[in-house]
file protein-v4.txt (compact mmCIF, C-alpha atoms)
# COMPACT_ATOMS: atom_id res chain seq x y z
CA MET A 1 113.40 91.20 85.38
CA THR A 2 111.75 90.85 88.77
CA ARG A 3 108.27 92.33 89.00
CA GLY A 4 108.42 95.61 90.93
CA ALA A 5 112.17 96.02 90.47
CA ILE A 6 113.72 99.35 91.44
CA ARG A 7 114.21 101.45 88.29
CA LEU A 8 117.65 103.09 88.26
CA LEU A 9 118.98 105.93 86.12
CA VAL A 10 122.80 106.26 86.11
CA VAL A 11 124.18 109.77 85.52
CA ASP A 12 127.94 110.21 85.07
CA ASP A 13 130.04 111.90 82.38
CA SER A 14 132.44 108.92 82.42
CA ALA A 15 131.31 106.05 80.21
CA TYR A 16 133.62 103.82 82.26
CA ASN A 17 131.82 104.74 85.50
CA ARG A 18 128.38 104.40 83.92
CA ARG A 19 129.26 100.89 82.80
CA ASN A 20 130.72 99.87 86.18
CA ILE A 21 127.74 101.21 88.16
CA ALA A 22 125.35 99.38 85.84
CA GLU A 23 127.39 96.18 86.25
CA VAL A 24 126.90 96.41 90.04
CA PHE A 25 123.29 95.36 89.39
CA ALA A 26 123.84 93.06 86.41
CA THR A 27 123.15 89.96 88.52
CA TYR A 28 120.82 91.66 90.97
CA PRO A 29 117.21 91.18 89.81
CA GLU A 30 115.75 93.67 92.30
CA VAL A 31 117.26 96.59 90.36
CA GLU A 32 116.75 97.43 86.68
CA VAL A 33 119.05 99.99 85.06
CA VAL A 34 116.57 101.78 82.81
CA GLY A 35 118.90 104.45 81.43
CA LYS A 36 122.32 106.14 81.45
CA ALA A 37 123.09 109.82 80.96
CA ALA A 38 126.38 111.65 80.41
CA ASP A 39 125.28 115.11 81.61
CA GLY A 40 122.50 116.93 83.44
CA GLU A 41 120.54 117.90 80.33
CA GLU A 42 120.33 114.31 79.12
CA ALA A 43 119.52 113.16 82.65
CA LEU A 44 116.56 115.55 82.95
CA ARG A 45 115.19 114.32 79.63
CA LEU A 46 115.57 110.66 80.61
CA ALA A 47 114.15 111.25 84.10
CA ALA A 48 110.99 112.77 82.61
CA LEU A 49 110.72 109.97 80.05
CA LEU A 50 111.64 106.94 82.18
CA LYS A 51 110.33 107.98 85.64
CA PRO A 52 113.12 106.19 87.55
CA ASP A 53 112.72 105.24 91.21
CA VAL A 54 116.27 106.34 92.04
CA ILE A 55 119.17 108.12 90.35
CA THR A 56 122.92 107.83 90.92
CA LEU A 57 124.56 111.17 90.17
CA ASP A 58 128.05 112.45 89.46
CA LEU A 59 128.34 116.17 90.29
CA GLU A 60 131.02 117.40 87.88
CA MET A 61 129.65 117.09 84.35
CA PRO A 62 129.73 119.15 81.14
CA ARG A 63 126.78 121.19 79.78
CA MET A 64 124.77 120.92 83.01
CA ASP A 65 126.41 120.00 86.30
CA GLY A 66 124.89 117.93 89.09
CA PHE A 67 123.84 120.94 91.19
CA THR A 68 121.76 122.51 88.42
CA PHE A 69 120.31 119.10 87.61
CA LEU A 70 119.30 118.55 91.25
CA ARG A 71 117.65 121.94 91.59
CA ILE A 72 115.56 121.46 88.45
CA LEU A 73 114.76 117.79 89.18
CA MET A 74 113.54 118.47 92.71
CA SER A 75 111.27 121.30 91.54
CA ARG A 76 109.77 119.26 88.71
CA GLN A 77 109.96 115.61 89.71
CA PRO A 78 111.25 114.87 93.25
CA THR A 79 113.21 111.63 93.00
CA PRO A 80 115.67 109.95 95.39
CA VAL A 81 119.21 110.78 94.26
CA ILE A 82 122.39 109.06 95.45
CA VAL A 83 125.47 111.19 94.82
CA VAL A 84 128.59 109.24 93.81
CA SER A 85 131.49 111.62 94.43
CA SER A 86 135.21 111.48 95.10
CA TYR A 87 136.72 112.12 98.54
CA SER A 88 138.21 115.35 97.22
CA GLN A 89 134.74 116.83 96.64
CA LYS A 90 133.55 116.82 100.28
CA GLU A 91 132.07 120.32 100.22
CA ASN A 92 130.21 119.58 96.99
CA VAL A 93 128.59 116.53 98.57
CA PHE A 94 126.98 118.67 101.28
CA LYS A 95 125.81 121.23 98.73
CA ALA A 96 124.07 118.37 96.92
CA LEU A 97 122.46 117.13 100.12
CA GLU A 98 121.14 120.64 100.78
CA LEU A 99 119.64 120.63 97.29
CA GLY A 100 117.69 117.47 98.08
CA ALA A 101 119.99 114.51 97.38
CA LEU A 102 119.14 111.57 99.62
CA ASP A 103 122.62 110.25 100.41
CA PHE A 104 126.09 109.83 98.98
CA VAL A 105 128.75 107.24 98.27
CA ALA A 106 132.38 108.33 98.39
CA LYS A 107 134.78 106.93 95.81
CA PRO A 108 138.55 107.08 96.47
CA THR A 109 139.37 108.06 92.87
CA ALA A 110 137.57 109.57 89.90
CA GLN A 111 137.13 106.13 88.32
CA ILE A 112 135.16 103.28 89.86
CA ALA A 113 137.30 100.15 89.60
CA PRO A 114 135.49 96.89 88.80
CA ASP A 115 137.21 95.22 91.79
CA ALA A 116 136.21 97.96 94.30
CA THR A 117 134.02 95.54 96.22
CA ASP A 118 133.29 97.78 99.21
CA LEU A 119 132.34 100.73 97.02
CA ARG A 120 130.11 98.58 94.83
CA ASP A 121 128.42 97.16 97.95
CA GLN A 122 127.76 100.70 99.22
CA ILE A 123 126.19 101.75 95.92
CA ARG A 124 123.96 98.66 95.97
CA GLU A 125 122.94 99.30 99.59
CA LYS A 126 122.07 102.96 98.97
CA VAL A 127 120.03 102.18 95.85
CA LEU A 128 118.07 99.46 97.65
CA LEU A 129 117.36 101.98 100.41
CA VAL A 130 114.60 103.53 98.29
CA ARG A 131 112.27 100.69 99.34
CA GLN A 132 112.24 102.16 102.84
CA LEU A 133 111.63 105.79 101.90
CA ARG A 134 108.57 107.65 103.06
CA ALA A 135 105.83 107.75 100.43
CA SER A 136 106.07 111.54 100.03
CA PHE A 137 109.44 111.07 98.27
CA ALA A 138 107.73 109.27 95.41
CA PRO A 139 108.11 110.91 91.99
CA GLY A 140 105.55 113.65 91.57
CA ALA A 141 104.97 114.16 95.30
CA PRO A 142 105.90 117.42 96.99
CA VAL A 143 109.12 117.47 99.02
CA SER A 144 108.64 118.42 102.65
CA ARG A 145 112.11 119.93 102.94
CA ARG A 146 112.50 122.73 100.44
CA PRO A 147 116.17 123.02 99.43
CA PRO A 148 117.80 126.45 99.72
CA SER A 149 118.65 128.57 96.71
CA MET A 150 122.08 128.05 95.16
CA SER A 151 123.16 131.50 96.32
CA SER A 152 122.73 130.59 99.98
CA PHE A 153 125.24 127.74 100.07
CA ASP A 154 128.40 129.45 101.18
CA GLN A 155 127.06 132.57 102.84
CA ARG A 156 128.57 133.05 106.27
CA SER A 157 127.05 135.07 109.07
CA LEU A 158 128.19 138.68 109.37
CA SER A 159 130.60 137.59 112.08
CA GLU A 160 132.94 134.69 111.29
CA PRO A 161 132.08 131.65 113.46
CA GLY A 162 133.86 132.01 116.76
CA SER A 163 135.02 135.60 116.17
CA SER A 164 132.75 137.24 118.73
CA ARG A 165 132.05 134.33 121.06
CA ALA A 166 133.27 134.28 124.63
CA THR A 167 136.25 132.03 125.29
CA VAL A 168 135.43 131.65 129.01
CA TYR A 169 134.07 128.18 129.67
CA ILE A 170 130.39 128.16 130.65
CA PRO A 171 128.85 124.73 131.28
CA PRO A 172 125.71 124.01 129.28
CA LYS A 173 122.40 123.96 131.12
CA GLN A 174 121.16 121.27 128.76
CA VAL A 175 123.08 118.66 126.77
CA VAL A 176 121.43 117.78 123.46
CA ALA A 177 122.57 114.45 122.00
CA ILE A 178 121.44 113.82 118.42
CA ALA A 179 121.39 110.50 116.56
CA SER A 180 121.00 110.50 112.78
CA SER A 181 121.85 108.53 109.66
CA THR A 182 120.37 108.59 106.14
CA GLY A 183 118.80 111.99 105.56
CA GLY A 184 120.48 113.31 108.70
CA PRO A 185 122.89 115.88 107.21
CA SER A 186 120.15 118.07 105.72
CA ALA A 187 118.04 117.65 108.87
CA LEU A 188 120.95 118.71 111.08
CA LEU A 189 121.68 121.71 108.87
CA GLU A 190 118.07 122.81 109.31
CA ILE A 191 118.24 122.38 113.09
CA PHE A 192 121.58 124.10 113.60
CA GLY A 193 120.48 126.96 111.38
CA LYS A 194 117.68 127.76 113.82
CA ILE A 195 119.57 127.61 117.13
CA PRO A 196 119.88 131.19 118.46
CA PRO A 197 123.06 132.64 119.98
CA THR A 198 121.18 132.84 123.30
CA THR A 199 121.00 129.06 123.66
CA THR A 200 122.27 127.65 126.94
CA ALA A 201 122.59 124.14 125.49
CA GLY A 202 125.58 122.16 124.24
CA PHE A 203 125.15 119.80 121.29
CA VAL A 204 126.76 116.46 120.42
CA VAL A 205 126.01 114.55 117.22
CA ALA A 206 126.46 110.94 116.13
CA GLN A 207 125.88 111.02 112.37
CA HIS A 208 126.63 107.85 110.41
CA MET A 209 129.11 109.14 107.84
CA PRO A 210 132.50 108.18 106.34
CA ASP A 211 135.45 109.42 108.38
CA LYS A 212 136.84 111.70 105.67
CA PHE A 213 133.60 113.73 105.66
CA THR A 214 132.77 114.40 109.31
CA ARG A 215 135.17 117.33 109.71
CA THR A 216 133.85 119.07 106.59
CA PHE A 217 130.29 118.45 107.77
CA ALA A 218 131.03 119.92 111.21
CA GLU A 219 132.51 123.01 109.55
CA ARG A 220 129.35 123.36 107.48
CA LEU A 221 127.18 123.17 110.62
CA ASP A 222 129.41 125.82 112.19
CA ARG A 223 128.84 128.17 109.26
CA LYS A 224 125.12 127.47 109.26
CA GLY A 225 124.27 129.04 112.62
CA SER A 226 125.40 130.39 115.96
CA VAL A 227 126.54 127.16 117.63
CA ARG A 228 130.34 126.92 117.58
CA THR A 229 130.64 123.45 116.01
CA SER A 230 133.62 121.25 115.17
CA GLU A 231 134.62 117.64 114.78
CA GLY A 232 135.13 116.27 118.28
CA GLN A 233 138.62 115.73 119.63
CA ASP A 234 139.55 113.90 122.79
CA GLY A 235 139.57 116.36 125.70
CA ASP A 236 137.37 119.06 124.11
CA ARG A 237 135.11 120.86 126.59
CA LEU A 238 131.39 120.85 125.87
CA GLY A 239 130.11 124.25 126.88
CA LYS A 240 127.20 126.58 126.30
CA SER A 241 126.48 127.13 122.60
CA THR A 242 129.10 124.62 121.45
CA GLY A 243 128.64 121.52 119.33
CA PHE A 244 130.70 118.48 118.39
CA VAL A 245 130.28 115.92 115.61
CA CYS A 246 131.65 112.46 116.27
CA PRO A 247 134.58 111.65 113.94
CA GLY A 248 133.87 108.90 111.45
CA ARG A 249 135.07 105.37 112.31
CA GLN A 250 135.30 106.38 115.97
CA CYS A 251 132.91 106.73 118.91
CA MET A 252 132.29 109.76 121.10
CA GLU A 253 131.18 110.08 124.72
CA VAL A 254 130.54 112.95 127.12
CA HIS A 255 132.08 112.61 130.60
CA GLN A 256 131.71 114.87 133.61
CA ASN A 257 134.98 116.17 135.07
CA GLY A 258 134.17 118.41 138.02
CA VAL A 259 132.10 121.30 136.66
CA GLU A 260 133.28 120.58 133.13
CA LEU A 261 131.84 118.25 130.52
CA LYS A 262 134.58 116.64 128.44
CA ILE A 263 134.47 114.98 125.04
CA VAL A 264 136.03 111.53 124.96
CA ILE A 265 136.92 110.00 121.58
CA GLY A 266 137.83 106.34 121.27
CA ALA A 267 137.87 103.31 119.02
CA PRO A 268 134.67 101.31 118.62
CA ARG A 269 134.14 98.42 121.02
CA PRO A 270 133.05 94.92 119.98
CA ASP A 271 129.51 95.66 121.23
CA ASP A 272 129.12 98.86 119.15
CA ARG A 273 126.76 97.76 116.40
CA TYR A 274 127.09 101.06 114.56
CA VAL A 275 130.08 103.37 114.20
CA PRO A 276 129.80 106.15 115.22
CA SER A 277 127.53 104.72 117.91
CA ALA A 278 124.54 106.87 118.82
CA ASP A 279 123.64 104.46 121.63
CA ARG A 280 127.04 104.90 123.22
CA LEU A 281 126.91 108.70 122.91
CA LEU A 282 123.39 109.01 124.33
CA LYS A 283 124.12 106.64 127.21
CA SER A 284 127.14 108.73 128.18
CA VAL A 285 125.06 111.93 128.06
CA ALA A 286 122.44 110.30 130.29
CA ALA A 287 125.16 109.49 132.84
CA ALA A 288 126.85 112.91 132.62
CA ALA A 289 123.82 115.20 132.42
CA GLY A 290 120.91 113.24 133.94
CA PRO A 291 117.73 115.36 133.86
CA ARG A 292 119.57 118.02 131.84
CA ALA A 293 119.92 115.58 128.92
CA VAL A 294 117.86 115.90 125.74
CA GLY A 295 118.03 112.98 123.31
CA VAL A 296 116.95 113.49 119.70
CA ILE A 297 116.55 110.68 117.19
CA LEU A 298 116.34 111.80 113.58
CA THR A 299 115.93 110.01 110.26
CA GLY A 300 117.99 106.92 109.52
CA MET A 301 118.08 103.19 108.91
CA GLY A 302 118.22 100.66 111.73
CA ASP A 303 117.66 101.32 115.43
CA ASP A 304 120.82 103.06 116.63
CA GLY A 305 120.04 105.42 119.49
CA VAL A 306 117.07 103.54 120.94
CA GLU A 307 118.91 102.14 123.97
CA GLY A 308 120.72 105.44 124.50
CA ALA A 309 117.40 107.29 124.40
CA ARG A 310 116.01 104.84 126.94
CA ALA A 311 118.94 105.68 129.25
CA ILE A 312 118.21 109.40 128.90
CA ARG A 313 114.56 108.87 129.72
CA ASP A 314 115.45 106.73 132.75
CA ALA A 315 117.84 109.47 133.92
CA GLY A 316 115.02 112.02 133.93
CA GLY A 317 115.90 113.68 130.61
CA ILE A 318 113.70 114.39 127.59
CA VAL A 319 113.60 112.30 124.41
CA VAL A 320 112.36 113.62 121.07
CA ALA A 321 111.90 111.54 117.90
CA GLU A 322 111.33 112.79 114.37
CA ALA A 323 107.83 112.14 113.05
CA GLN A 324 107.31 109.84 110.11
CA GLU A 325 105.95 112.68 107.98
CA THR A 326 109.38 114.31 107.67
CA ALA A 327 111.81 111.43 108.33
CA VAL A 328 113.39 110.41 105.05
CA VAL A 329 113.87 106.92 106.51
CA TYR A 330 111.73 106.11 109.55
CA GLY A 331 113.93 103.29 110.85
CA MET A 332 115.69 104.93 113.82
CA PRO A 333 112.88 107.20 115.07
CA GLY A 334 110.31 104.53 114.30
CA ALA A 335 112.17 101.99 116.45
CA ALA A 336 112.20 104.46 119.35
CA VAL A 337 108.49 105.19 118.96
CA ARG A 338 107.61 101.47 118.86
CA ALA A 339 109.59 101.02 122.07
CA GLY A 340 107.51 103.77 123.70
CA ILE A 341 110.54 105.88 124.61
CA PRO A 342 110.07 109.44 123.22
CA HIS A 343 108.26 112.10 125.24
CA LYS A 344 107.67 114.02 122.00
CA VAL A 345 107.26 112.91 118.39
CA LEU A 346 107.60 115.98 116.19
CA PRO A 347 108.14 116.84 112.51
CA LEU A 348 111.58 118.25 111.82
CA PRO A 349 110.65 121.97 111.82
CA GLN A 350 109.08 121.60 115.28
CA ILE A 351 112.15 119.74 116.56
CA ALA A 352 114.25 122.69 115.40
CA GLU A 353 111.88 125.10 117.15
CA TYR A 354 111.92 123.07 120.35
CA LEU A 355 115.71 122.92 120.49
CA ALA A 356 115.93 126.62 119.61
CA SER A 357 113.73 127.40 122.62
CA LEU A 358 116.12 125.78 125.10
CA GLY A 359 117.42 128.61 127.27
CA GLY A 360 116.49 131.15 124.61
call {"tool": "encode", "arguments": {"input": "protein-v4.txt", "output": "structure tokens"}}
result
Amino acid sequence: MTRGAIRLLVVDDSAYNRRNIAEVFATYPEVEVVGKAADGEEALRLAALLKPDVITLDLEMPRMDGFTFLRILMSRQPTPVIVVSSYSQKENVFKALELGALDFVAKPTAQIAPDATDLRDQIREKVLLVRQLRASFAPGAPVSRRPPSMSSFDQRSLSEPGSSRATVYIPPKQVVAIASSTGGPSALLEIFGKIPPTTTAGFVVAQHMPDKFTRTFAERLDRKGSVRTSEGQDGDRLGKSTGFVCPGRQCMEVHQNGVELKIVIGAPRPDDRYVPSADRLLKSVAAAAGPRAVGVILTGMGDDGVEGARAIRDAGGIVVAEAQETAVVYGMPGAAVRAGIPHKVLPLPQIAEYLASLGG
């Protein structure tokens, strides 16, 4: 075994899945499978004993499910957790991310087939991601983002989203374009939960996420706060206190049409390095909103959003990047900071406060 290999604990009630996940790393010396657990109780015991660097987790298990396991694990021994869940469990995935899971891999069926090459590659990529995590996610270190209590997951505001909001179109005074990837869903939930109903801004989001999950995620953002949020559709109008999440496997832009700002959804182009493309979204916001544009780059791998943020800065807008102290993965915001683009580099709670202050 390679010195310094990533220590992996596999948690799944299916022996078939446990074996197939372990076999993903059978010829990969950088990862050592140190244990397998069939339920949450066994997983907690093995996590305390083996001190793994990362855990893959099924959510539906007997005796102790994945949610209870996550809540206890994060309070005792914060450890990066990759949820491996079926497409049919979209809402459960976001509950797990709110409880502190790092990321997720979606499987098309309950069983992981040995020949599911793409799925196996995704699991390998997510597990290897732990090498890039901020040090404060190491086992035993405090987590900077405290997950909410279980009882808060599905609480809606007293008024159903959209029930008391004006239907008359009011253009936004500011257009906030947000780029995010790994760690982004929980960060976005925190931000959208703090935006007041008095905001004069409109919000557009490019979150790297599988296409079958973006609509469910947009609905969760809608329930979280006062911004009327949905998955973007071609021709939607971006107005005051509205938000749109780019559909997975597509790209989103904002175009000016008279006094209106319109959402444009289209297929990725050959030069789009990431899909959804944050660069493409932010560049379009720079062109449509100019000095009214606010670009935000949150946690994530790679450098998507850097060129789009540069366009916003050149257009007279404001660029904000998440600080390393709260970014789960400092790739995207770090690339922007190294390029000297952001006007502000703030920890996540201060980003939420800054965006909440727009027009408030």
call {"tool": "residues_around", "arguments": {"input": "protein-v4.txt", "residues": "A:Leu355", "least_positions_apart": "4", "cutoff": "10 Å", "atoms": "only C-alpha atoms", "output": "PDB file with C-alpha atoms, in the frame of the given file"}}
result
ATOM      1  CA  VAL A 176     121.430 117.780 123.460  1.00  0.00           C
ATOM      2  CA  ILE A 191     118.240 122.380 113.090  1.00  0.00           C
ATOM      3  CA  PHE A 192     121.580 124.100 113.600  1.00  0.00           C
ATOM      4  CA  LYS A 194     117.680 127.760 113.820  1.00  0.00           C
ATOM      5  CA  ILE A 195     119.570 127.610 117.130  1.00  0.00           C
ATOM      6  CA  PRO A 196     119.880 131.190 118.460  1.00  0.00           C
ATOM      7  CA  THR A 199     121.000 129.060 123.660  1.00  0.00           C
ATOM      8  CA  ALA A 201     122.590 124.140 125.490  1.00  0.00           C
ATOM      9  CA  PHE A 203     125.150 119.800 121.290  1.00  0.00           C
ATOM     10  CA  VAL A 294     117.860 115.900 125.740  1.00  0.00           C
ATOM     11  CA  VAL A 296     116.950 113.490 119.700  1.00  0.00           C
ATOM     12  CA  VAL A 320     112.360 113.620 121.070  1.00  0.00           C
ATOM     13  CA  GLN A 350     109.080 121.600 115.280  1.00  0.00           C
ATOM     14  CA  ILE A 351     112.150 119.740 116.560  1.00  0.00           C
ATOM     15  CA  GLY A 359     117.420 128.610 127.270  1.00  0.00           C
ATOM     16  CA  GLY A 360     116.490 131.150 124.610  1.00  0.00           C
TER      17      GLY A 360
END
call {"tool": "closest_residue", "arguments": {"input": "protein-v4.txt", "among": "A:Ala309, A:Met301, A:Ala106, A:Ile263", "to": "A:Thr182", "atoms": "only C-alpha atoms"}}
result
A:Met301
call {"tool": "atom_distance", "arguments": {"input": "protein-v4.txt", "atom1": "atom CA of A:Leu59", "atom2": "atom CA of A:Phe217"}}
result
17.7 Å
call {"tool": "closest_residue", "arguments": {"input": "protein-v4.txt", "among": "A:Ala356, A:Val328, A:Ala101, A:Met61", "to": "A:Ser241", "atoms": "all atoms listed in the file"}}
result
A:Ala356
call {"tool": "residues_around", "arguments": {"input": "protein-v4.txt", "residues": "A:Gln324", "least_positions_apart": "4", "cutoff": "8 Å", "atoms": "all atoms listed in the file", "output": "PyMOL selection string"}}
result
chain A and resi 134+328+330+333-334+347
call {"tool": "axis_aligned_box", "arguments": {"input": "protein-v4.txt", "around": "stretch 293-296 of chain A", "padding_each_side": "4 Å", "output": "AutoDock Vina command-line options"}}
result
--center_x 118.4 --center_y 114.4 --center_z 124.3 --size_x 11.0 --size_y 10.9 --size_z 17.2
call {"tool": "closest_residue", "arguments": {"input": "protein-v4.txt", "among": "A:Leu298, A:Ile312, A:Val204, A:Ile178", "to": "A:Val264", "atoms": "only C-alpha atoms"}}
result
A:Val204
call {"tool": "residues_around", "arguments": {"input": "protein-v4.txt", "residues": "A:Val24", "least_positions_apart": "5", "cutoff": "9 Å", "atoms": "only C-alpha atoms", "output": "list of chain:residue names"}}
result
A:Arg19, A:Pro114, A:Arg120, A:Asp121, A:Ile123, A:Arg124
call {"tool": "atom_distance", "arguments": {"input": "protein-v4.txt", "atom1": "atom CA of A:Gln233", "atom2": "atom CA of A:His208"}}
result
17.1 Å
call {"tool": "closest_residue", "arguments": {"input": "protein-v4.txt", "among": "A:Ala179, A:Gly266, A:Leu189, A:Ala47", "to": "A:Ala336", "atoms": "all atoms listed in the file"}}
result
A:Ala179
call {"tool": "atom_distance", "arguments": {"input": "protein-v4.txt", "atom1": "atom CA of A:Glu307", "atom2": "atom CA of A:Gly295"}}
result
10.9 Å
call {"tool": "residues_around", "arguments": {"input": "protein-v4.txt", "residues": "A:Ala48", "least_positions_apart": "5", "cutoff": "12 Å", "atoms": "all atoms listed in the file", "output": "ChimeraX atom specification"}}
result
/A:9,35,41-43,53,72-74,76-79,139-140
call {"tool": "residues_around", "arguments": {"input": "protein-v4.txt", "residues": "A:Thr200", "least_positions_apart": "3", "cutoff": "9 Å", "atoms": "only C-alpha atoms", "output": "count of residues only"}}
result
12
call {"tool": "closest_residue", "arguments": {"input": "protein-v4.txt", "among": "A:Leu261, A:Leu188, A:Gly317, A:Ser230", "to": "A:Leu348", "atoms": "all atoms listed in the file"}}
result
A:Leu188
call {"tool": "closest_residue", "arguments": {"input": "protein-v4.txt", "among": "A:Thr27, A:Ser181, A:Thr68, A:Ser277", "to": "A:Phe104", "atoms": "all atoms listed in the file"}}
result
A:Ser181
